[in-house]
file protein.cif (mmCIF, C-alpha atoms)
data_work
#
loop_
_atom_site.label_atom_id
_atom_site.label_comp_id
_atom_site.auth_asym_id
_atom_site.auth_seq_id
_atom_site.Cartn_x
_atom_site.Cartn_y
_atom_site.Cartn_z
CA MET R 7 121.61 96.32 123.21
CA GLU R 8 123.36 97.36 119.98
CA LYS R 9 122.04 100.92 120.26
CA GLU R 10 123.38 101.35 123.79
CA SER R 11 126.73 99.81 122.83
CA VAL R 12 127.15 102.07 119.80
CA SER R 13 126.17 105.09 121.89
CA TYR R 14 128.76 104.24 124.55
CA ALA R 15 131.48 103.72 121.96
CA LEU R 16 130.75 107.03 120.23
CA LYS R 17 130.71 108.95 123.51
CA ASN R 18 134.21 107.63 124.17
CA GLU R 19 135.62 107.77 120.64
CA ASN R 20 138.73 109.57 121.86
CA VAL R 21 139.81 106.22 123.36
CA TRP R 22 139.81 104.26 120.07
CA MET R 23 139.53 106.74 117.18
CA ASN R 24 143.23 106.51 116.26
CA LEU R 25 142.91 102.73 115.78
CA ALA R 26 141.69 102.27 112.18
CA VAL R 27 140.45 98.69 112.48
CA ILE R 28 138.36 99.51 115.55
CA ALA R 29 137.00 102.70 113.95
CA ALA R 30 135.99 100.69 110.87
CA ASN R 31 134.09 98.15 112.96
CA VAL R 32 132.32 100.85 114.94
CA LYS R 33 131.25 102.44 111.65
CA ARG R 34 129.82 99.11 110.50
CA LEU R 35 127.94 98.86 113.79
CA GLU R 36 126.45 102.32 113.24
CA GLU R 37 125.37 101.36 109.72
CA ASN R 38 123.87 98.11 110.98
CA GLU R 39 121.92 99.91 113.69
CA HIS R 40 120.53 102.38 111.11
CA LYS R 41 119.46 99.58 108.76
CA LEU R 42 117.87 97.68 111.64
CA ASN R 43 115.82 100.72 112.64
CA LEU R 44 114.61 101.10 109.06
CA ALA R 45 113.71 97.40 108.89
CA PHE R 46 111.65 97.60 112.10
CA LYS R 47 109.90 100.69 110.74
CA ALA R 48 109.11 98.92 107.47
CA GLN R 49 107.70 95.94 109.36
CA ASP R 50 105.42 98.18 111.43
CA GLU R 51 104.22 100.09 108.35
CA ASN R 52 103.38 96.84 106.56
CA ASN R 53 101.34 95.35 109.38
CA PRO R 54 98.18 94.08 107.60
CA GLY R 55 96.07 94.06 110.76
CA GLY R 56 94.42 97.45 110.25
CA TYR R 57 93.97 96.83 106.55
CA VAL R 58 92.24 93.49 107.18
CA ASP R 59 89.92 95.08 109.77
CA GLN R 60 88.98 97.77 107.27
CA LYS R 61 88.19 95.18 104.62
CA ASN R 62 86.12 93.08 107.01
CA GLN R 63 84.02 96.11 107.87
CA GLN R 64 83.50 96.87 104.19
CA LEU R 65 82.52 93.26 103.52
CA THR R 66 79.93 93.31 106.30
CA VAL R 67 78.29 96.44 104.87
CA PHE R 68 78.49 95.10 101.31
CA PHE R 69 76.99 91.71 102.19
CA ARG R 70 74.06 93.50 103.84
CA LYS R 71 73.40 95.46 100.64
CA ILE R 72 73.65 92.32 98.52
CA TYR R 73 71.27 90.54 100.87
CA LYS R 74 68.69 93.32 100.46
CA LEU R 75 69.04 92.94 96.67
CA GLU R 76 68.63 89.18 97.06
CA CYS R 77 65.43 89.71 99.03
CA LYS R 78 63.96 91.87 96.29
CA LEU R 79 64.90 89.35 93.60
CA SER R 80 63.53 86.48 95.69
CA PHE R 81 60.29 88.41 96.20
CA TYR R 82 60.00 88.86 92.44
CA ALA R 83 60.87 85.20 91.79
CA LYS R 84 58.26 83.92 94.26
CA ASP R 85 55.68 86.40 93.02
CA ASN R 86 56.17 85.22 89.45
CA GLY R 87 56.90 81.54 90.00
CA ASP R 88 60.47 81.83 88.70
CA GLN R 89 62.13 78.91 90.48
CA GLU R 90 65.35 79.13 88.45
CA LEU R 91 65.95 82.71 89.54
CA LEU R 92 65.07 81.84 93.13
CA ASN R 93 67.59 78.97 93.13
CA ASP R 94 70.33 81.25 91.81
CA VAL R 95 69.90 84.15 94.24
CA SER R 96 68.44 82.70 97.44
CA ILE R 97 70.81 82.81 100.42
CA PRO R 98 70.26 83.42 104.16
CA GLU R 99 72.09 86.52 105.36
CA SER R 100 73.84 84.45 108.04
CA LYS R 101 75.40 82.29 105.32
CA PHE R 102 77.75 85.12 104.39
CA ASP R 103 79.37 84.71 107.83
CA VAL R 104 80.27 81.05 107.28
CA LEU R 105 81.22 81.05 103.59
CA SER R 106 84.84 81.66 102.64
CA GLU R 107 85.43 85.16 101.34
CA LYS R 108 85.99 83.84 97.82
CA LYS R 109 82.74 81.83 97.77
CA ALA R 110 80.77 84.70 99.32
CA LEU R 111 81.98 87.12 96.66
CA ILE R 112 81.18 84.61 93.91
CA LYS R 113 77.61 84.40 95.27
CA CYS R 114 77.43 88.20 95.31
CA SER R 115 78.56 88.27 91.69
CA THR R 116 75.84 85.78 90.75
CA ILE R 117 73.15 87.84 92.49
CA LEU R 118 74.34 91.00 90.72
CA LYS R 119 74.41 89.23 87.38
CA ARG R 120 70.83 88.02 87.80
CA GLY R 121 69.82 91.46 89.01
CA ASN R 122 71.07 93.01 85.79
CA GLU R 123 69.35 90.34 83.70
CA TYR R 124 66.01 91.02 85.41
CA LEU R 125 66.40 94.80 85.72
CA SER R 126 63.68 95.58 83.16
CA LYS R 127 61.22 93.39 85.05
CA THR R 128 61.94 94.37 88.64
CA ALA R 129 61.46 98.14 88.79
CA ASP R 130 58.28 97.67 90.82
CA TYR R 131 60.30 95.61 93.31
CA GLY R 132 62.66 98.46 94.06
CA ILE R 133 65.66 97.40 91.96
CA THR R 134 67.38 100.24 90.09
CA ALA R 135 70.23 100.53 87.61
CA ASP R 136 72.10 102.85 90.01
CA GLU R 137 71.86 100.28 92.79
CA LEU R 138 73.28 97.54 90.58
CA GLU R 139 76.01 99.80 89.20
CA ASN R 140 77.13 100.90 92.68
CA LEU R 141 77.16 97.35 94.01
CA THR R 142 79.14 96.14 90.99
CA LYS R 143 81.76 98.81 91.64
CA GLU R 144 81.94 97.91 95.35
CA LEU R 145 82.40 94.25 94.45
CA SER R 146 85.23 95.13 92.06
CA ASP R 147 86.96 97.23 94.74
CA LEU R 148 86.69 94.45 97.33
CA GLU R 149 88.10 91.87 94.92
CA LYS R 150 91.10 94.13 94.30
CA MET R 151 91.85 94.40 98.02
CA HIS R 152 92.74 90.71 98.39
CA PRO R 153 96.02 90.78 96.41
CA THR R 154 96.95 94.05 98.10
CA ILE R 155 96.77 92.35 101.49
CA GLY R 156 98.99 89.62 100.08
CA LEU R 157 101.55 92.19 98.96
CA ILE R 158 101.53 93.88 102.37
CA THR R 159 102.00 90.53 104.10
CA ASN R 160 104.87 89.64 101.75
CA ASP R 161 106.55 92.99 102.42
CA ARG R 162 106.22 92.37 106.16
CA LYS R 163 107.74 88.90 105.79
CA SER R 164 110.63 90.40 103.77
CA ALA R 165 111.20 92.96 106.51
CA GLY R 166 111.16 90.12 109.06
CA ARG R 167 113.83 88.22 107.15
CA SER R 168 115.92 91.39 106.89
CA ILE R 169 115.64 91.99 110.64
CA LYS R 170 116.86 88.46 111.42
CA GLU R 171 119.83 88.90 109.08
CA LEU R 172 120.72 92.31 110.52
CA ILE R 173 120.50 91.04 114.11
CA ALA R 174 122.79 88.15 113.22
CA GLU R 175 125.23 90.61 111.64
CA ALA R 176 125.02 92.88 114.71
CA ARG R 177 125.96 89.98 117.00
CA LEU R 178 129.04 89.23 114.92
CA LEU R 179 130.08 92.89 114.84
CA LEU R 180 129.59 93.28 118.59
CA ASP R 181 131.54 90.10 119.26
CA LYS R 182 134.40 91.48 117.17
CA GLN R 183 134.13 94.79 119.01
CA ASP R 184 134.42 92.99 122.35
CA ASP R 185 137.66 91.39 121.22
CA ALA R 186 138.97 94.62 119.71
CA PHE R 187 138.38 96.76 122.76
CA GLU R 188 139.58 94.17 125.27
CA GLY R 189 142.63 93.27 123.21
CA MET R 190 143.73 96.69 121.93
CA ILE R 191 142.55 99.23 124.52
CA ASP R 192 144.40 99.64 127.84
CA ASP R 193 141.87 101.97 129.45
CA ASP R 194 140.34 99.76 132.19
CA ALA R 195 137.56 102.24 133.04
CA PHE R 196 136.48 102.34 129.39
CA ILE R 197 136.59 98.56 129.05
CA ASP R 198 134.63 98.08 132.28
CA GLY R 199 132.02 100.56 131.06
CA TRP R 200 131.77 98.82 127.67
CA PHE R 201 131.10 95.42 129.20
CA ALA R 202 128.70 96.92 131.75
CA VAL R 203 126.65 98.07 128.75
CA ARG R 204 127.08 94.76 126.92
CA LYS R 205 125.92 92.70 129.95
CA ILE R 206 127.68 89.47 128.94
CA LYS R 207 127.84 86.95 131.77
CA GLY R 208 131.31 85.55 132.42
CA ARG R 209 132.99 87.48 129.60
CA HIS R 210 134.74 90.26 131.53
CA LYS R 211 136.14 90.80 135.00
CA PRO R 212 136.10 94.51 135.95
CA LYS R 213 139.58 95.97 136.43
CA ALA R 214 139.08 99.62 137.35
CA LYS R 215 138.60 100.61 140.96
CA ASN R 216 135.00 101.33 141.99
CA ALA R 217 133.77 99.98 138.68
CA GLU R 218 130.02 99.35 138.58
CA VAL R 219 129.28 95.71 137.85
CA PRO R 220 125.84 94.73 136.45
CA ALA R 221 123.96 92.48 138.89
CA GLU R 222 123.72 89.64 136.38
CA ASN R 223 127.51 89.52 136.10
CA ILE R 224 128.04 89.07 139.84
#
call {"tool": "encode", "arguments": {"input": "protein.cif", "output": "C-alpha coordinates"}}
result
Amino acid sequence: MEKESVSYALKNENVWMNLAVIAANVKRLEENEHKLNLAFKAQDENNPGGYVDQKNQQLTVFFRKIYKLECKLSFYAKDNGDQELLNDVSIPESKFDVLSEKKALIKCSTILKRGNEYLSKTADYGITADELENLTKELSDLEKMHPTIGLITNDRKSAGRSIKELIAEARLLLDKQDDAFEGMIDDDAFIDGWFAVRKIKGRHKPKAKNAEVPAENI
(Lines of atoms letter the chains of each structure in order from A and count residues from 1; the text may use other names and numbers.)
(Lines give C-alpha, C1' and ligand atoms only; values in the text may rest on other atoms or scores of the structure.)
Protein backbone atom coordinates (compact mmCIF):
# COMPACT_ATOMS: atom_id res chain seq x y z
CA MET A 1 0.00 0.00 0.00
CA GLU A 2 2.80 2.45 0.88
CA LYS A 3 4.57 1.80 -2.43
CA GLU A 4 1.46 2.58 -4.47
CA SER A 5 0.73 5.69 -2.39
CA VAL A 6 4.26 7.05 -2.77
CA SER A 7 4.17 6.32 -6.50
CA TYR A 8 0.89 8.20 -6.91
CA ALA A 9 2.16 11.18 -4.93
CA LEU A 10 5.37 11.40 -6.97
CA LYS A 11 3.52 11.16 -10.27
CA ASN A 12 1.48 14.18 -9.19
CA GLU A 13 4.19 16.18 -7.42
CA ASN A 14 3.25 19.31 -9.32
CA VAL A 15 0.13 19.47 -7.11
CA TRP A 16 1.99 19.65 -3.77
CA MET A 17 5.67 20.35 -4.47
CA ASN A 18 5.44 24.04 -3.50
CA LEU A 19 4.13 23.09 -0.04
CA ALA A 20 7.26 22.44 2.07
CA VAL A 21 5.60 20.50 4.90
CA ILE A 22 3.91 18.12 2.47
CA ALA A 23 7.11 17.69 0.44
CA ALA A 24 9.01 16.86 3.63
CA ASN A 25 6.50 14.18 4.61
CA VAL A 26 6.53 12.64 1.14
CA LYS A 27 10.33 12.47 1.35
CA ARG A 28 10.07 10.65 4.68
CA LEU A 29 7.63 8.23 3.09
CA GLU A 30 10.10 7.54 0.28
CA GLU A 31 12.88 6.91 2.79
CA ASN A 32 10.65 4.63 4.82
CA GLU A 33 9.68 2.63 1.75
CA HIS A 34 13.37 2.20 0.82
CA LYS A 35 14.29 1.03 4.33
CA LEU A 36 11.35 -1.36 4.38
CA ASN A 37 12.44 -2.93 1.09
CA LEU A 38 15.95 -3.42 2.48
CA ALA A 39 14.56 -4.97 5.67
CA PHE A 40 12.44 -7.47 3.71
CA LYS A 41 15.48 -8.34 1.60
CA ALA A 42 17.60 -8.88 4.71
CA GLN A 43 14.93 -11.13 6.21
CA ASP A 44 14.80 -13.26 3.04
CA GLU A 45 18.60 -13.53 2.87
CA ASN A 46 18.78 -14.66 6.50
CA ASN A 47 16.19 -17.40 6.18
CA PRO A 48 17.86 -20.38 7.93
CA GLY A 49 15.69 -22.98 6.18
CA GLY A 50 18.14 -23.83 3.39
CA TYR A 51 21.08 -23.75 5.75
CA VAL A 52 19.39 -26.17 8.16
CA ASP A 53 18.52 -28.55 5.30
CA GLN A 54 22.14 -28.52 4.18
CA LYS A 55 23.34 -29.32 7.68
CA ASN A 56 20.83 -32.14 8.11
CA GLN A 57 22.05 -33.73 4.90
CA GLN A 58 25.66 -33.46 6.07
CA LEU A 59 24.75 -34.98 9.43
CA THR A 60 23.04 -37.95 7.77
CA VAL A 61 26.14 -38.70 5.67
CA PHE A 62 28.47 -38.14 8.64
CA PHE A 63 26.49 -40.40 10.99
CA ARG A 64 26.65 -43.16 8.38
CA LYS A 65 30.45 -42.88 8.25
CA ILE A 66 30.69 -42.88 12.04
CA TYR A 67 28.45 -45.92 12.20
CA LYS A 68 30.74 -47.81 9.81
CA LEU A 69 33.67 -46.90 12.07
CA GLU A 70 31.67 -48.08 15.08
CA CYS A 71 31.03 -51.40 13.37
CA LYS A 72 34.73 -51.94 12.78
CA LEU A 73 35.58 -51.06 16.38
CA SER A 74 32.78 -53.29 17.68
CA PHE A 75 34.06 -56.13 15.50
CA TYR A 76 37.53 -55.69 16.99
CA ALA A 77 36.13 -55.44 20.53
CA LYS A 78 34.06 -58.62 20.18
CA ASP A 79 36.92 -60.43 18.47
CA ASN A 80 39.26 -59.57 21.32
CA GLY A 81 36.87 -59.67 24.26
CA ASP A 82 37.24 -55.93 24.96
CA GLN A 83 33.94 -55.19 26.70
CA GLU A 84 34.98 -51.69 27.80
CA LEU A 85 35.61 -50.62 24.22
CA LEU A 86 32.37 -52.25 23.08
CA ASN A 87 30.40 -50.37 25.76
CA ASP A 88 31.93 -47.05 24.68
CA VAL A 89 31.35 -47.33 20.93
CA SER A 90 28.32 -49.57 20.44
CA ILE A 91 25.27 -47.77 19.03
CA PRO A 92 22.53 -48.82 16.57
CA GLU A 93 22.54 -46.67 13.45
CA SER A 94 18.86 -45.83 14.01
CA LYS A 95 19.76 -44.27 17.38
CA PHE A 96 21.31 -41.30 15.59
CA ASP A 97 17.81 -40.40 14.35
CA VAL A 98 16.33 -40.14 17.84
CA LEU A 99 19.21 -38.58 19.78
CA SER A 100 19.42 -34.81 20.03
CA GLU A 101 22.03 -33.34 17.72
CA LYS A 102 24.25 -32.46 20.68
CA LYS A 103 24.14 -35.97 22.17
CA ALA A 104 24.66 -37.59 18.76
CA LEU A 105 27.77 -35.50 18.12
CA ILE A 106 29.10 -36.28 21.61
CA LYS A 107 28.71 -40.00 20.81
CA CYS A 108 30.53 -39.46 17.51
CA SER A 109 33.35 -37.73 19.37
CA THR A 110 33.63 -40.68 21.77
CA ILE A 111 33.79 -43.18 18.90
CA LEU A 112 36.49 -41.13 17.18
CA LYS A 113 38.47 -40.82 20.39
CA ARG A 114 38.41 -44.58 20.93
CA GLY A 115 39.26 -45.12 17.28
CA ASN A 116 42.42 -43.05 17.68
CA GLU A 117 43.34 -44.87 20.88
CA TYR A 118 43.03 -48.26 19.17
CA LEU A 119 44.47 -47.21 15.79
CA SER A 120 47.66 -49.25 16.20
CA LYS A 121 45.63 -52.37 16.93
CA THR A 122 42.88 -52.11 14.33
CA ALA A 123 44.66 -51.88 10.97
CA ASP A 124 43.49 -55.38 10.10
CA TYR A 125 39.91 -54.26 10.78
CA GLY A 126 40.06 -51.55 8.13
CA ILE A 127 40.60 -48.49 10.35
CA THR A 128 43.11 -45.97 9.00
CA ALA A 129 44.65 -42.74 10.23
CA ASP A 130 43.26 -40.90 7.17
CA GLU A 131 39.75 -42.09 7.95
CA LEU A 132 39.97 -40.87 11.54
CA GLU A 133 41.54 -37.56 10.52
CA ASN A 134 38.86 -36.86 7.90
CA LEU A 135 36.04 -37.75 10.28
CA THR A 136 37.53 -35.55 13.01
CA LYS A 137 37.61 -32.61 10.60
CA GLU A 138 34.01 -33.25 9.51
CA LEU A 139 32.92 -33.35 13.15
CA SER A 140 34.66 -30.04 13.83
CA ASP A 141 32.97 -28.43 10.81
CA LEU A 142 29.53 -29.66 11.87
CA GLU A 143 30.00 -28.38 15.41
CA LYS A 144 30.86 -24.94 14.03
CA MET A 145 27.66 -24.81 11.98
CA HIS A 146 25.38 -24.71 15.03
CA PRO A 147 26.29 -21.19 16.24
CA THR A 148 26.18 -19.95 12.65
CA ILE A 149 22.55 -21.04 12.39
CA GLY A 150 21.91 -19.17 15.62
CA LEU A 151 23.45 -16.01 14.19
CA ILE A 152 21.37 -16.29 11.01
CA THR A 153 18.21 -16.77 13.05
CA ASN A 154 19.07 -13.77 15.24
CA ASP A 155 19.69 -11.62 12.15
CA ARG A 156 16.31 -12.70 10.77
CA LYS A 157 14.61 -11.83 14.06
CA SER A 158 16.32 -8.41 14.02
CA ALA A 159 15.07 -7.83 10.49
CA GLY A 160 11.58 -8.85 11.63
CA ARG A 161 11.64 -6.30 14.45
CA SER A 162 12.85 -3.63 12.02
CA ILE A 163 10.04 -4.44 9.59
CA LYS A 164 7.41 -4.06 12.33
CA GLU A 165 8.87 -0.71 13.37
CA LEU A 166 9.05 0.55 9.79
CA ILE A 167 5.47 -0.52 9.05
CA ALA A 168 4.29 1.29 12.17
CA GLU A 169 6.19 4.39 11.04
CA ALA A 170 4.73 4.10 7.53
CA ARG A 171 1.19 4.06 8.94
CA LEU A 172 1.84 7.25 10.87
CA LEU A 173 3.39 8.97 7.86
CA LEU A 174 0.52 7.93 5.59
CA ASP A 175 -2.03 9.09 8.14
CA LYS A 176 -0.31 12.48 8.24
CA GLN A 177 -0.23 12.54 4.45
CA ASP A 178 -3.97 11.89 4.32
CA ASP A 179 -4.57 14.92 6.53
CA ALA A 180 -2.08 17.05 4.63
CA PHE A 181 -3.50 16.37 1.20
CA GLU A 182 -7.14 16.61 2.25
CA GLY A 183 -6.58 19.74 4.31
CA MET A 184 -4.14 21.67 2.11
CA ILE A 185 -4.83 20.58 -1.48
CA ASP A 186 -7.90 21.87 -3.35
CA ASP A 187 -7.54 19.59 -6.38
CA ASP A 188 -10.53 17.23 -5.99
CA ALA A 189 -9.40 14.87 -8.77
CA PHE A 190 -5.99 14.47 -7.10
CA ILE A 191 -7.53 13.91 -3.67
CA ASP A 192 -10.01 11.37 -5.04
CA GLY A 193 -7.16 9.53 -6.77
CA TRP A 194 -5.06 9.54 -3.58
CA PHE A 195 -7.80 7.98 -1.49
CA ALA A 196 -8.66 5.51 -4.26
CA VAL A 197 -5.08 4.26 -3.90
CA ARG A 198 -5.21 4.36 -0.10
CA LYS A 199 -8.47 2.32 0.06
CA ILE A 200 -9.58 3.58 3.48
CA LYS A 201 -13.20 2.77 4.23
CA GLY A 202 -15.26 5.74 5.38
CA ARG A 203 -12.37 8.21 5.28
CA HIS A 204 -13.12 10.11 2.06
CA LYS A 205 -16.13 10.97 -0.04
CA PRO A 206 -15.16 11.48 -3.71
CA LYS A 207 -15.73 15.04 -4.93
CA ALA A 208 -14.65 15.10 -8.57
CA LYS A 209 -17.11 14.20 -11.29
CA ASN A 210 -16.77 10.68 -12.72
CA ALA A 211 -14.31 9.80 -9.98
CA GLU A 212 -13.61 6.08 -9.69
CA VAL A 213 -14.54 4.79 -6.26
CA PRO A 214 -12.98 1.52 -4.98
CA ALA A 215 -15.65 -1.15 -4.43
CA GLU A 216 -14.82 -1.49 -0.74
CA ASN A 217 -15.57 2.20 -0.20
CA ILE A 218 -19.07 1.98 -1.65
call {"tool": "residues_around", "arguments": {"input": "protein.cif", "residues": "segment 65-78 of chain R", "least_positions_apart": "2", "cutoff": "8 Å", "atoms": "all atoms listed in the file", "output": "PyMOL selection string"}}
result
chain R and resi 61-63+80-82+95-99+102+114+117-118+121+131-133+141+144-145+148
call {"tool": "closest_residue", "arguments": {"input": "protein.cif", "among": "R:Ala174, R:Leu111, R:Leu179, R:Ile169", "to": "Lys33 of chain R", "atoms": "all atoms listed in the file"}}
result
R:Leu179
call {"tool": "resolve_selection", "arguments": {"input": "protein.cif", "expression": "the PyMOL selection byres ((chain R and resi 196) around 12)", "output": "PyMOL selection string"}}
result
chain R and resi 14-22+184+187-188+190-195+197-203+212-215+217-218
call {"tool": "atom_distance", "arguments": {"input": "protein.cif", "atom1": "atom CA of Leu25 of chain R", "atom2": "atom CA of Ser11 of chain R"}}
result
17.9 Å
call {"tool": "atom_distance", "arguments": {"input": "protein.cif", "atom1": "atom CA of Asn43 of chain R", "atom2": "atom CA of Asp181 of chain R"}}
result
20.1 Å
call {"tool": "atom_distance", "arguments": {"input": "protein.cif", "atom1": "atom CA of Ile112 of chain R", "atom2": "atom CA of Ser146 of chain R"}}
result
11.4 Å
call {"tool": "closest_residue", "arguments": {"input": "protein.cif", "among": "R:Arg120, R:Lys9, R:Lys113, R:Lys108", "to": "Lys41 of chain R", "atoms": "all atoms listed in the file"}}
result
R:Lys9
